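Peer 1: Contents of my_file_38.txt (compact mmCIF, C-alpha atoms and all ligand atoms):
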# COMPACT_ATOMS: atom_id res chain seq x y z
CA SER A 1 2.51 28.19 -34.88
CA GLU A 2 -1.08 27.07 -34.30
CA ASN A 3 -2.57 26.70 -30.90
CA VAL A 4 -3.53 23.11 -30.27
CA LYS A 5 -6.41 21.64 -28.31
CA GLU A 6 -5.92 21.08 -24.61
CA ILE A 7 -5.66 17.41 -23.63
CA SER A 8 -8.49 15.91 -21.64
CA ARG A 9 -7.69 15.35 -17.95
CA GLU A 10 -11.12 14.14 -16.92
CA LYS A 11 -10.09 10.72 -15.61
CA SER A 12 -6.89 12.04 -14.05
CA ALA A 13 -8.91 14.74 -12.28
CA ALA A 14 -11.30 12.14 -10.84
CA LEU A 15 -8.40 9.97 -9.67
CA TYR A 16 -6.67 12.98 -8.17
CA ALA A 17 -9.83 13.98 -6.28
CA LYS A 18 -10.00 10.47 -4.83
CA ALA A 19 -6.26 10.44 -4.08
CA GLN A 20 -6.64 13.63 -2.08
CA THR A 21 -8.85 11.75 0.33
CA TYR A 22 -6.10 9.15 0.84
CA PHE A 23 -2.74 10.93 0.65
CA PRO A 24 -1.45 14.30 1.81
CA GLY A 25 -1.71 16.53 -1.24
CA GLY A 26 -3.07 13.53 -3.15
CA VAL A 27 0.37 12.05 -3.82
CA ASN A 28 3.09 9.86 -2.36
CA SER A 29 5.93 12.21 -3.34
CA PRO A 30 5.46 15.99 -3.48
CA VAL A 31 6.63 16.91 -7.01
CA ARG A 32 3.99 14.63 -8.51
CA ALA A 33 1.22 17.04 -7.43
CA PHE A 34 1.96 19.39 -10.40
CA LYS A 35 2.16 22.40 -8.04
CA SER A 36 4.66 24.19 -10.32
CA VAL A 37 2.82 23.58 -13.59
CA TYR A 38 -0.70 23.93 -15.01
CA GLY A 39 -3.56 21.55 -14.39
CA VAL A 40 -4.16 18.47 -12.34
CA PRO A 41 -1.45 15.78 -12.22
CA LEU A 42 -1.68 13.17 -14.92
CA PHE A 43 -2.28 9.69 -13.58
CA ILE A 44 -0.20 7.25 -15.58
CA LYS A 45 -1.64 4.00 -16.78
CA LYS A 46 1.11 2.54 -18.91
CA GLY A 47 4.62 3.04 -20.22
CA ASP A 48 6.30 1.38 -23.17
CA GLY A 49 9.62 2.33 -24.72
CA ALA A 50 9.81 6.12 -25.03
CA TYR A 51 6.06 6.50 -24.48
CA LEU A 52 3.67 7.05 -21.58
CA TRP A 53 -0.13 6.83 -21.54
CA ASP A 54 -2.28 8.55 -18.94
CA ALA A 55 -5.68 7.60 -17.53
CA ASP A 56 -7.41 9.61 -20.29
CA ASP A 57 -5.45 7.68 -22.95
CA ASN A 58 -3.32 10.66 -23.90
CA GLN A 59 0.00 9.44 -25.31
CA PHE A 60 3.28 11.23 -24.57
CA ILE A 61 6.92 10.98 -25.51
CA ASP A 62 8.41 10.78 -22.01
CA PHE A 63 11.50 12.74 -20.97
CA CYS A 64 11.05 12.14 -17.25
CA GLY A 65 11.78 8.41 -17.31
CA SER A 66 10.54 7.94 -13.75
CA TRP A 67 13.06 10.66 -12.78
CA GLY A 68 16.03 8.82 -14.22
CA PRO A 69 15.92 5.06 -13.65
CA LEU A 70 14.54 4.15 -17.08
CA ILE A 71 17.64 4.51 -19.23
CA LEU A 72 16.34 1.70 -21.48
CA GLY A 73 12.86 3.20 -21.68
CA HIS A 74 9.66 1.87 -20.15
CA ASN A 75 8.95 -1.80 -19.76
CA HIS A 76 12.10 -3.01 -21.50
CA PRO A 77 11.60 -6.69 -22.45
CA ALA A 78 14.91 -7.87 -20.97
CA VAL A 79 14.11 -6.27 -17.61
CA ARG A 80 10.49 -7.38 -17.57
CA GLU A 81 11.32 -10.98 -18.49
CA LYS A 82 14.08 -11.29 -15.89
CA VAL A 83 11.79 -9.89 -13.19
CA ILE A 84 8.99 -12.30 -14.10
CA GLU A 85 11.42 -15.24 -14.16
CA VAL A 86 12.79 -14.44 -10.70
CA MET A 87 9.34 -13.74 -9.25
CA GLN A 88 8.29 -17.32 -10.02
CA ASN A 89 10.44 -18.36 -7.05
CA GLY A 90 9.02 -15.92 -4.52
CA MET A 91 9.51 -12.26 -3.80
CA SER A 92 11.47 -11.80 -0.58
CA PHE A 93 13.43 -14.00 1.79
CA GLY A 94 15.33 -11.64 4.06
CA ALA A 95 18.26 -13.99 3.46
CA PRO A 96 21.17 -13.82 1.02
CA THR A 97 20.56 -14.85 -2.59
CA ALA A 98 22.86 -15.49 -5.56
CA LEU A 99 21.20 -12.55 -7.34
CA GLU A 100 22.88 -10.07 -4.99
CA ASN A 101 26.27 -11.56 -5.87
CA GLU A 102 25.41 -11.36 -9.55
CA LEU A 103 24.49 -7.66 -9.48
CA ALA A 104 27.49 -6.82 -7.27
CA GLU A 105 29.81 -8.67 -9.64
CA LEU A 106 28.44 -6.82 -12.68
CA ILE A 107 29.02 -3.51 -10.96
CA LEU A 108 32.29 -4.07 -9.09
CA SER A 109 34.14 -5.81 -11.92
CA ASN A 110 33.38 -2.83 -14.16
CA ASN A 111 33.99 -0.01 -11.69
CA PRO A 112 37.52 0.93 -10.57
CA PHE A 113 36.26 3.34 -7.88
CA ILE A 114 34.72 0.92 -5.40
CA GLU A 115 35.73 -2.50 -4.05
CA LYS A 116 32.71 -3.32 -1.91
CA ILE A 117 29.09 -2.32 -2.08
CA ARG A 118 25.97 -2.48 0.09
CA PHE A 119 22.50 -2.59 -1.46
CA VAL A 120 19.67 -0.61 0.11
CA SER A 121 16.19 0.31 -1.15
CA SER A 122 16.33 3.99 -2.13
CA GLY A 123 18.68 6.85 -2.91
CA THR A 124 17.79 8.50 0.39
CA GLU A 125 18.85 5.40 2.29
CA ALA A 126 22.08 5.09 0.29
CA VAL A 127 23.11 8.67 1.08
CA MET A 128 22.01 8.56 4.71
CA SER A 129 24.10 5.41 5.18
CA ALA A 130 27.11 6.86 3.35
CA ILE A 131 27.06 9.89 5.66
CA ARG A 132 26.91 7.65 8.74
CA LEU A 133 29.79 5.60 7.38
CA ALA A 134 31.89 8.74 6.80
CA ARG A 135 31.17 9.96 10.31
CA GLY A 136 31.94 6.57 11.83
CA TYR A 137 35.13 6.22 9.84
CA THR A 138 36.52 9.72 10.50
CA LYS A 139 35.07 10.05 14.02
CA ARG A 140 33.97 13.57 13.08
CA ASP A 141 30.42 14.96 13.04
CA LYS A 142 30.16 17.78 10.53
CA ILE A 143 29.35 17.37 6.87
CA LEU A 144 29.54 19.90 4.07
CA LYS A 145 27.02 20.07 1.27
CA PHE A 146 26.33 22.42 -1.62
CA GLU A 147 23.29 24.62 -2.11
CA GLY A 148 21.29 23.23 -5.01
CA CYS A 149 22.37 19.61 -4.54
CA TYR A 150 19.65 17.22 -3.39
CA HIS A 151 20.62 14.11 -1.50
CA GLY A 152 17.28 12.65 -0.45
CA HIS A 153 15.19 13.49 2.57
CA SER A 154 17.23 12.32 5.57
CA ASP A 155 17.42 14.84 8.43
CA SER A 156 21.06 15.90 8.04
CA LEU A 157 20.51 16.75 4.40
CA LEU A 158 17.26 18.70 4.49
CA VAL A 159 19.35 21.75 5.10
CA LYS A 160 19.78 24.90 3.03
CA ALA A 161 22.30 27.73 3.10
CA GLY A 162 21.86 30.62 5.47
CA SER A 163 23.15 34.05 4.46
CA GLY A 164 26.91 34.38 4.16
CA LEU A 165 29.75 32.66 2.35
CA VAL A 166 30.06 29.73 4.76
CA THR A 167 27.14 29.02 7.04
CA PHE A 168 25.60 26.46 9.27
CA GLY A 169 22.61 25.27 7.36
CA GLU A 170 19.06 26.17 8.12
CA THR A 171 16.53 23.38 8.06
CA SER A 172 14.57 23.21 4.82
CA SER A 173 11.78 21.14 6.31
CA ALA A 174 9.72 21.36 9.47
CA GLY A 175 10.57 18.50 11.79
CA VAL A 176 14.34 18.64 11.33
CA PRO A 177 15.96 19.60 14.67
CA LYS A 178 18.10 22.72 14.50
CA SER A 179 20.88 20.74 16.19
CA PHE A 180 21.00 18.45 13.12
CA ALA A 181 21.24 21.41 10.78
CA ASP A 182 24.11 22.73 12.92
CA GLU A 183 26.18 19.73 11.85
CA THR A 184 25.69 20.50 8.15
CA ILE A 185 27.69 23.29 6.54
CA VAL A 186 26.21 24.61 3.30
CA ILE A 187 28.11 26.55 0.62
CA ALA A 188 27.51 27.52 -3.01
CA LEU A 189 28.58 25.30 -5.90
CA ASN A 190 31.53 26.38 -8.06
CA ASP A 191 32.91 28.55 -5.23
CA LYS A 192 36.50 27.71 -4.36
CA GLU A 193 36.80 30.60 -1.92
CA ALA A 194 33.86 29.38 0.19
CA LEU A 195 35.29 25.88 0.18
CA VAL A 196 38.67 27.05 1.47
CA LYS A 197 36.99 29.15 4.14
CA ALA A 198 34.82 26.23 5.28
CA PHE A 199 37.89 24.06 5.82
CA GLU A 200 39.54 26.89 7.77
CA ASP A 201 36.48 27.68 9.90
CA PHE A 202 35.86 24.01 10.69
CA LYS A 203 39.36 22.63 10.77
CA ASP A 204 39.51 18.89 11.62
CA GLN A 205 35.73 18.77 12.09
CA ILE A 206 34.44 17.87 8.64
CA ALA A 207 33.77 14.15 8.23
CA ALA A 208 32.65 14.37 4.63
CA VAL A 209 31.95 16.64 1.72
CA ILE A 210 29.00 15.43 -0.30
CA ILE A 211 28.27 16.61 -3.82
CA GLU A 212 26.30 15.57 -6.85
CA PRO A 213 29.26 15.69 -9.24
CA VAL A 214 26.65 16.35 -11.92
CA PRO A 215 24.21 18.51 -9.97
CA ALA A 216 20.87 17.62 -11.55
CA ASN A 217 18.20 18.36 -8.96
CA ASN A 218 18.11 22.15 -9.21
CA GLY A 219 18.61 22.61 -12.88
CA LEU A 220 21.65 20.98 -14.43
CA LEU A 221 24.44 22.97 -12.76
CA LEU A 222 27.44 21.50 -14.53
CA GLN A 223 30.66 22.03 -12.58
CA HIS A 224 34.11 22.65 -14.00
CA LYS A 225 36.28 19.56 -13.74
CA GLU A 226 38.87 21.75 -12.06
CA PHE A 227 36.46 22.54 -9.21
CA LEU A 228 35.72 18.85 -8.63
CA GLN A 229 39.43 18.11 -8.77
CA TYR A 230 40.08 20.81 -6.19
CA LEU A 231 37.39 19.32 -3.99
CA ARG A 232 39.22 15.99 -4.16
CA GLU A 233 42.50 17.63 -3.14
CA ILE A 234 41.15 19.68 -0.25
CA CYS A 235 39.34 16.65 1.18
CA THR A 236 42.48 14.53 1.03
CA ALA A 237 44.56 17.28 2.62
CA ASN A 238 42.10 17.55 5.53
CA GLY A 239 41.36 13.89 6.24
CA THR A 240 37.79 14.44 5.00
CA LEU A 241 36.01 11.83 2.92
CA LEU A 242 34.63 12.89 -0.46
CA ILE A 243 31.22 11.45 -1.27
CA PHE A 244 29.96 11.56 -4.84
CA ASP A 245 26.19 11.22 -4.78
CA GLU A 246 25.63 9.53 -8.12
CA VAL A 247 21.99 8.58 -7.65
CA ILE A 248 21.29 10.36 -10.94
CA SER A 249 24.69 10.42 -12.69
CA GLY A 250 25.67 6.84 -11.83
CA PHE A 251 25.27 4.52 -14.85
CA ARG A 252 23.89 7.59 -16.68
CA VAL A 253 26.76 9.83 -17.80
CA SER A 254 28.87 6.68 -18.21
CA PHE A 255 28.78 3.17 -16.76
CA THR A 256 31.10 4.43 -14.04
CA GLY A 257 29.09 7.62 -13.64
CA ALA A 258 30.61 11.03 -13.10
CA ALA A 259 33.64 9.57 -11.30
CA GLY A 260 34.51 7.81 -14.55
CA TYR A 261 33.45 10.73 -16.72
CA TYR A 262 35.73 13.18 -14.89
CA GLN A 263 38.27 10.55 -13.78
CA ILE A 264 38.10 11.65 -10.16
CA LYS A 265 38.04 9.05 -7.39
CA PRO A 266 35.75 9.86 -4.47
CA ASP A 267 36.01 7.93 -1.18
CA ILE A 268 32.38 6.85 -1.07
CA LEU A 269 29.89 6.58 -3.91
CA THR A 270 26.12 6.42 -3.73
CA TYR A 271 23.87 5.00 -6.42
CA GLY A 272 20.14 4.63 -6.98
CA LYS A 273 17.63 4.86 -9.81
CA ILE A 274 19.27 3.10 -12.81
CA ILE A 275 20.86 0.43 -10.62
CA GLY A 276 17.38 -0.93 -9.86
CA GLY A 277 15.93 -0.92 -13.38
CA GLY A 278 12.80 0.85 -12.10
CA LEU A 279 12.45 -1.13 -8.89
CA PRO A 280 13.41 0.27 -5.47
CA VAL A 281 17.19 -0.07 -5.14
CA GLY A 282 20.00 2.15 -3.91
CA ALA A 283 23.59 1.34 -3.04
CA TYR A 284 26.71 2.75 -1.50
CA GLY A 285 30.23 1.61 -2.12
CA ALA A 286 33.83 2.40 -1.26
CA SER A 287 37.21 0.73 -0.81
CA ALA A 288 37.18 -2.59 1.07
CA GLN A 289 38.96 -0.81 3.91
CA ILE A 290 36.30 1.90 4.34
CA MET A 291 33.44 -0.58 3.81
CA SER A 292 34.89 -2.85 6.53
CA ASN A 293 33.46 -0.31 9.00
CA VAL A 294 29.90 -1.32 8.07
CA SER A 295 27.98 -3.76 10.27
CA PRO A 296 28.36 -6.74 10.80
CA GLU A 297 32.06 -6.33 9.92
CA GLY A 298 32.41 -2.99 11.68
CA PRO A 299 30.72 -0.61 14.12
CA VAL A 300 28.61 1.48 11.68
CA TYR A 301 25.08 0.06 11.82
CA GLN A 302 22.93 -0.16 8.72
CA ALA A 303 20.31 -2.74 7.75
CA GLY A 304 17.16 -3.36 5.69
CA THR A 305 14.41 -5.98 5.55
CA LEU A 306 14.11 -5.61 1.78
CA SER A 307 17.77 -4.76 1.06
CA GLY A 308 19.00 -6.82 -1.88
CA ASN A 309 15.43 -7.89 -2.63
CA PRO A 310 15.57 -10.59 -5.32
CA VAL A 311 13.02 -9.00 -7.65
CA ALA A 312 14.79 -5.64 -7.47
CA MET A 313 18.18 -7.33 -8.00
CA ALA A 314 16.75 -9.10 -11.06
CA ALA A 315 15.67 -5.82 -12.62
CA GLY A 316 19.07 -4.32 -11.88
CA ILE A 317 20.96 -7.28 -13.35
CA ALA A 318 18.94 -7.17 -16.57
CA GLN A 319 19.25 -3.42 -17.00
CA ILE A 320 22.94 -3.16 -16.08
CA SER A 321 23.76 -5.99 -18.49
CA GLU A 322 22.28 -3.98 -21.35
CA LEU A 323 24.38 -0.94 -20.41
CA LEU A 324 27.58 -2.97 -20.68
CA LYS A 325 26.97 -3.66 -24.37
CA PRO A 326 29.56 -1.91 -26.56
CA GLY A 327 28.60 1.56 -27.75
CA PHE A 328 25.60 1.92 -25.44
CA TYR A 329 26.64 5.26 -23.93
CA GLU A 330 28.12 6.66 -27.14
CA ASP A 331 24.86 6.02 -29.04
CA LEU A 332 22.76 7.60 -26.31
CA SER A 333 25.02 10.61 -26.00
CA VAL A 334 25.33 11.22 -29.75
CA LYS A 335 21.55 11.03 -30.17
CA THR A 336 20.93 13.42 -27.27
CA GLU A 337 23.61 15.81 -28.47
CA ALA A 338 22.02 16.11 -31.93
CA PHE A 339 18.58 16.62 -30.36
CA ILE A 340 19.79 19.36 -28.00
CA ASN A 341 22.02 21.02 -30.63
CA ASP A 342 19.06 21.35 -33.01
CA ILE A 343 16.95 22.97 -30.31
CA THR A 344 19.82 25.28 -29.38
CA ALA A 345 20.20 26.34 -33.02
CA PHE A 346 16.45 26.97 -33.23
CA VAL A 347 16.31 29.21 -30.13
CA ASN A 348 19.52 31.04 -31.04
CA GLU A 349 18.29 31.87 -34.56
CA ARG A 350 15.19 33.42 -33.07
CA ASN A 351 16.84 35.01 -30.05
CA TYR A 352 14.55 33.20 -27.65
CA PRO A 353 15.77 33.48 -24.02
CA VAL A 354 16.46 29.76 -23.68
CA ASN A 355 19.76 28.17 -22.63
CA LEU A 356 20.16 24.42 -22.94
CA THR A 357 22.71 22.42 -21.02
CA ARG A 358 23.51 18.76 -21.54
CA ILE A 359 25.79 16.03 -20.32
CA GLY A 360 25.41 12.57 -21.84
CA SER A 361 21.67 11.88 -21.99
CA ILE A 362 20.70 14.47 -19.34
CA PHE A 363 19.49 17.90 -20.43
CA TRP A 364 17.98 21.06 -18.96
CA PHE A 365 16.12 24.07 -20.32
CA ALA A 366 17.06 27.30 -18.53
CA PHE A 367 15.07 30.44 -19.32
CA ASP A 368 16.24 34.06 -19.12
CA ALA A 369 19.79 32.97 -18.25
CA LYS A 370 22.59 35.30 -19.28
CA GLU A 371 25.23 32.59 -19.26
CA THR A 372 25.72 28.97 -18.27
CA ILE A 373 24.37 28.60 -14.74
CA ARG A 374 26.66 26.81 -12.30
CA LYS A 375 25.18 27.68 -8.92
CA ALA A 376 21.67 27.56 -7.52
CA GLU A 377 21.46 31.26 -6.64
CA ASP A 378 21.97 32.20 -10.30
CA ILE A 379 18.65 30.65 -11.30
CA ASP A 380 15.99 33.36 -11.51
CA PRO A 381 12.80 32.01 -9.87
CA GLN A 382 10.77 34.34 -12.14
CA SER A 383 12.02 32.41 -15.16
CA MET A 384 10.06 29.37 -14.00
CA SER A 385 6.87 30.89 -15.40
CA LYS A 386 8.34 30.19 -18.86
CA PHE A 387 8.90 26.56 -18.04
CA LYS A 388 5.35 26.35 -16.73
CA GLN A 389 4.03 27.58 -20.09
CA MET A 390 6.30 25.25 -22.02
CA HIS A 391 5.24 22.27 -19.91
CA PHE A 392 1.57 22.96 -20.70
CA GLU A 393 2.17 23.49 -24.42
CA LEU A 394 4.25 20.31 -24.58
CA LEU A 395 1.66 18.12 -22.85
CA ASN A 396 -0.90 19.35 -25.38
CA ARG A 397 1.51 18.30 -28.14
CA GLY A 398 2.24 14.85 -26.71
CA VAL A 399 5.51 15.46 -24.86
CA TYR A 400 5.91 14.81 -21.14
CA PHE A 401 8.55 16.61 -19.07
CA GLY A 402 8.86 16.28 -15.30
CA PRO A 403 6.49 18.83 -13.74
CA SER A 404 9.07 21.39 -12.55
CA GLY A 405 11.48 23.71 -14.28
CA TYR A 406 14.15 22.76 -11.76
CA GLU A 407 14.10 19.17 -12.98
CA VAL A 408 16.27 17.80 -15.77
CA GLY A 409 15.15 15.73 -18.74
CA PHE A 410 16.39 12.26 -19.64
CA VAL A 411 16.74 10.60 -23.02
CA SER A 412 16.55 6.80 -23.03
CA ALA A 413 17.79 4.17 -25.45
CA ALA A 414 14.17 3.77 -26.56
CA HIS A 415 14.07 7.34 -27.89
CA THR A 416 14.80 6.73 -31.56
CA THR A 417 15.90 9.57 -33.82
CA ALA A 418 12.40 9.55 -35.37
CA ILE A 419 10.82 9.93 -31.93
CA LEU A 420 13.26 12.67 -31.00
CA ASP A 421 12.44 14.49 -34.25
CA LYS A 422 8.74 14.41 -33.35
CA ALA A 423 9.50 15.72 -29.86
CA LYS A 424 11.73 18.41 -31.34
CA GLN A 425 8.91 19.69 -33.55
CA ALA A 426 6.60 19.83 -30.53
CA ILE A 427 9.27 21.79 -28.65
CA PHE A 428 9.74 24.22 -31.56
CA ASP A 429 5.98 24.78 -31.82
CA SER A 430 5.66 25.28 -28.06
CA LEU A 431 8.52 27.77 -27.90
CA GLU A 432 7.02 29.68 -30.85
CA VAL A 433 3.72 30.00 -29.01
CA ILE A 434 5.53 31.35 -25.95
CA PHE A 435 8.21 33.56 -27.52
CA GLY A 436 7.17 34.00 -31.16
N1 LIG B 1 20.47 11.80 -4.32
C1 LIG B 1 20.24 12.30 -5.53
C2 LIG B 1 21.37 12.91 -6.29
C3 LIG B 1 18.97 12.22 -6.09
O1 LIG B 1 18.75 12.72 -7.31
C4 LIG B 1 17.92 11.61 -5.35
C5 LIG B 1 16.51 11.50 -5.90
N2 LIG B 1 16.16 12.35 -6.90
C6 LIG B 1 18.22 11.10 -4.09
C7 LIG B 1 19.50 11.20 -3.60
C8 LIG B 1 17.16 10.43 -3.28
O2 LIG B 1 16.78 9.23 -3.88
P1 LIG B 1 15.35 8.58 -3.58
O3 LIG B 1 14.32 9.50 -4.14
O4 LIG B 1 15.41 7.24 -4.26
O5 LIG B 1 15.25 8.43 -2.09
Mind turning this structure into structure tokens?
Peer 2:
Amino acid sequence: SENVKEISREKSAALYAKAQTYFPGGVNSPVRAFKSVYGVPLFIKKGDGAYLWDADDNQFIDFCGSWGPLILGHNHPAVREKVIEVMQNGMSFGAPTALENELAELILSNNPFIEKIRFVSSGTEAVMSAIRLARGYTKRDKILKFEGCYHGHSDSLLVKAGSGLVTFGETSSAGVPKSFADETIVIALNDKEALVKAFEDFKDQIAAVIIEPVPANNGLLLQHKEFLQYLREICTANGTLLIFDEVISGFRVSFTGAAGYYQIKPDILTYGKIIGGGLPVGAYGASAQIMSNVSPEGPVYQAGTLSGNPVAMAAGIAQISELLKPGFYEDLSVKTEAFINDITAFVNERNYPVNLTRIGSIFWFAFDAKETIRKAEDIDPQSMSKFKQMHFELLNRGVYFGPSGYEVGFVSAAHTTAILDKAKQAIFDSLEVIFG
């Protein structure tokens, strides 16, 4: 396939230079700095449907979708119009509004896994609060997480595995006290033996096990249902709460997320991204009995000036309402499956070292993988150089992926088959340049 011309990044480069004088690394969230891919970060000017436009007026088919929230695509009319309508009456009151009831009703009446919910403003906040609730409820301090699952940037969770089957975590960020990391046990995904050992080593000490049931922050490390089922059983047997962090998978792999997809009931669920329709919203939910421990009903404190913000609730209401329409998830999944199957057939025919994984409308390109990867340590860091090349080739052909090979891609309802066919051709051409 032909080499194509490199896109212009002149305006983005100027904006980035300016941004570096304002923000550490020139950004307000690290991955945006394009450190793992080629060139300066693209500054985005506009999004509409499946498309993005950058400051230099390059147009892209977007598979990042703001990292997951935009399941309807950019600037969906129903979301935009609802937001504008609600904004006419003011933007924040710090007092209850009917909109919070409306969003809660839409969620709770369609979700058999939670009876009460609390809205917060980000995924990080949702998970941090869920952990506190689990600790308050069980009166235990330790939590167990899995290497390769991301749960936001709260102190207890910026912890990575040490060496050994079951370890106290080591902090993965400066500024996290070692004593915090000592309360977080970290084990590998898909490892029943490590799980059993953790519950033996820390008998009656583990407040909660937290997992992304669809691990999607370090590649897409799909777990066997049997492993998740086992997790449920071992938690129940040990008086430990099971937290499903569904900030990505919630309202994505099905309306009821991975809990619904696998039919496994966790004790606490966390949501973010899609629930806010692109505005800052997170949430955690559980049975009425567990949630009764949250302030002001119970002793676990948690609050927020902008929690349940009316504009954010409006976006959530509009977006969630669309998802409840019959066939929404089937259509999205069928479309994504065909897209990914065609790419899989293409790479297999040519023996390119590419493995694609998919669940619903989430997908991931793994390079140089011998088999389906289910744990973080099985990802070869060297293989990321292939993603880096693909990312560059794709931008030059009008396709935007999140700027890291550890990140998954998202298909939205706005990605028509025609748009997906165009993206597919760009992917074929890019892979041919790299592997052909
Ligand atoms: N949990 C999971 C599973 C996530 O994917 C993320 C964000 N990618 C978070 C928590 C943190 O959410 P936020 O970035 O909104 O704080």
Peer 1: Taking all atoms listed in the file into account, produce a table as CSV in which each residue of chain A with an atom at most 8 Å from an atom of ligand LIG 1 (chain B) appears once, together with its shortest atom pair and the distance in Å to one decimal, ordered by chain and rising number.
Peer 2:
residue,atom,partner,partner_atom,distance
A:Trp67,CA,B:LIG1,N2,6.9
A:Ser121,CA,B:LIG1,O4,7.6
A:Ser122,CA,B:LIG1,O4,4.0
A:Gly123,CA,B:LIG1,O2,3.2
A:Thr124,CA,B:LIG1,O5,3.6
A:Glu125,CA,B:LIG1,O5,6.4
A:Ala126,CA,B:LIG1,C7,7.7
A:Val127,CA,B:LIG1,C7,6.4
A:Cys149,CA,B:LIG1,C2,7.0
A:Tyr150,CA,B:LIG1,C1,5.4
A:His151,CA,B:LIG1,N1,3.6
A:Gly152,CA,B:LIG1,C8,3.6
A:His153,CA,B:LIG1,O5,6.9
A:Glu212,CA,B:LIG1,C2,5.6
A:Pro215,CA,B:LIG1,C2,7.3
A:Ala216,CA,B:LIG1,O1,6.8
A:Asn217,CA,B:LIG1,O1,5.9
A:Asp245,CA,B:LIG1,C2,5.3
A:Glu246,CA,B:LIG1,C2,5.7
A:Val247,CA,B:LIG1,C2,4.6
A:Ile248,CA,B:LIG1,O1,5.0
A:Ser249,CA,B:LIG1,C2,7.6
A:Thr270,CA,B:LIG1,N1,7.8
A:Tyr271,CA,B:LIG1,N1,7.9
A:Gly272,CA,B:LIG1,O4,6.0
A:Lys273,CA,B:LIG1,O4,6.4
A:Pro280,CA,B:LIG1,O4,7.4
A:Val281,CA,B:LIG1,O4,7.6
A:Gly282,CA,B:LIG1,O4,6.9
Peer 1: Which segment 230-282 of chain A residues have any atom within 10 Å of an atom of segment 309-314 of chain A, and for each, what is the nearest pair of atoms with distance in Å to one decimal, counting all atoms listed in the file, rows sorted by chain and number, as JSON lines?
Peer 2:
{"residue": "A:Ile275", "atom": "CA", "partner": "A:Met313", "partner_atom": "CA", "distance": 8.6}
{"residue": "A:Gly276", "atom": "CA", "partner": "A:Ala312", "partner_atom": "CA", "distance": 5.9}
{"residue": "A:Gly277", "atom": "CA", "partner": "A:Ala312", "partner_atom": "CA", "distance": 7.6}
{"residue": "A:Gly278", "atom": "CA", "partner": "A:Ala312", "partner_atom": "CA", "distance": 8.2}
{"residue": "A:Leu279", "atom": "CA", "partner": "A:Ala312", "partner_atom": "CA", "distance": 5.3}
{"residue": "A:Pro280", "atom": "CA", "partner": "A:Ala312", "partner_atom": "CA", "distance": 6.4}
{"residue": "A:Val281", "atom": "CA", "partner": "A:Ala312", "partner_atom": "CA", "distance": 6.5}
Peer 1: Would you compute an axis-aligned box for segment 212-230 of chain A, covering every atom listed for it in the file with 5 Å of margin on each side, and report centre and edge lengths in Å to one decimal as JSON?
Peer 2:
{"center_x": 29.1, "center_y": 19.3, "center_z": -10.4, "size_x": 32.0, "size_y": 17.4, "size_z": 18.3}
Peer 1: Any idea what the distance is between atom CA of Gly148 of chain A and atom CA of Leu189 of chain A?
Peer 2: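 Those two atoms sit 7.6 Å apart.
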Peer 1: Let me make sure I understand: among A:Leu195, A:Val176, A:Ile264, A:Ile117, which one has the smallest atom-to-atom distance to Leu144 of chain A if we use all atoms listed in the file?
Peer 2: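 Smallest separation from Leu144 of chain A among the options: A:Leu195.
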Peer 1: Compare A:Gly304, A:Gly94, A:Gly360, A:Pro41 by their minimum atom-to-atom distance to Leu332 of chain A, counting all atoms listed in the file, and give me the closest one.
Peer 2: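 Smallest distance to Leu332 of chain A is found for A:Gly360.
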Peer 1: In Å, with one decimal, what is the gap from atom CA of Asn341 of chain A to atom CA of Phe244 of chain A?
Peer 2: 28.6 Å
Peer 1: Taking 3 positions as the minimum chain separation for residues in the same chain, which residues sit within 9 Å of Arg9 of chain A when counting all atoms listed in the file? Answer as a CSV table (one decimal) with C-alpha atoms, keeping the file's coordinate frame.
Peer 2:
chain,number,residue,atom,x,y,z
A,6,GLU,CA,-5.9,21.1,-24.6
A,12,SER,CA,-6.9,12.0,-14.0
A,13,ALA,CA,-8.9,14.7,-12.3
A,14,ALA,CA,-11.3,12.1,-10.8
A,39,GLY,CA,-3.6,21.6,-14.4
A,40,VAL,CA,-4.2,18.5,-12.3
A,41,PRO,CA,-1.4,15.8,-12.2
A,42,LEU,CA,-1.7,13.2,-14.9
A,43,PHE,CA,-2.3,9.7,-13.6
A,54,ASP,CA,-2.3,8.6,-18.9
A,55,ALA,CA,-5.7,7.6,-17.5
A,56,ASP,CA,-7.4,9.6,-20.3
A,58,ASN,CA,-3.3,10.7,-23.9
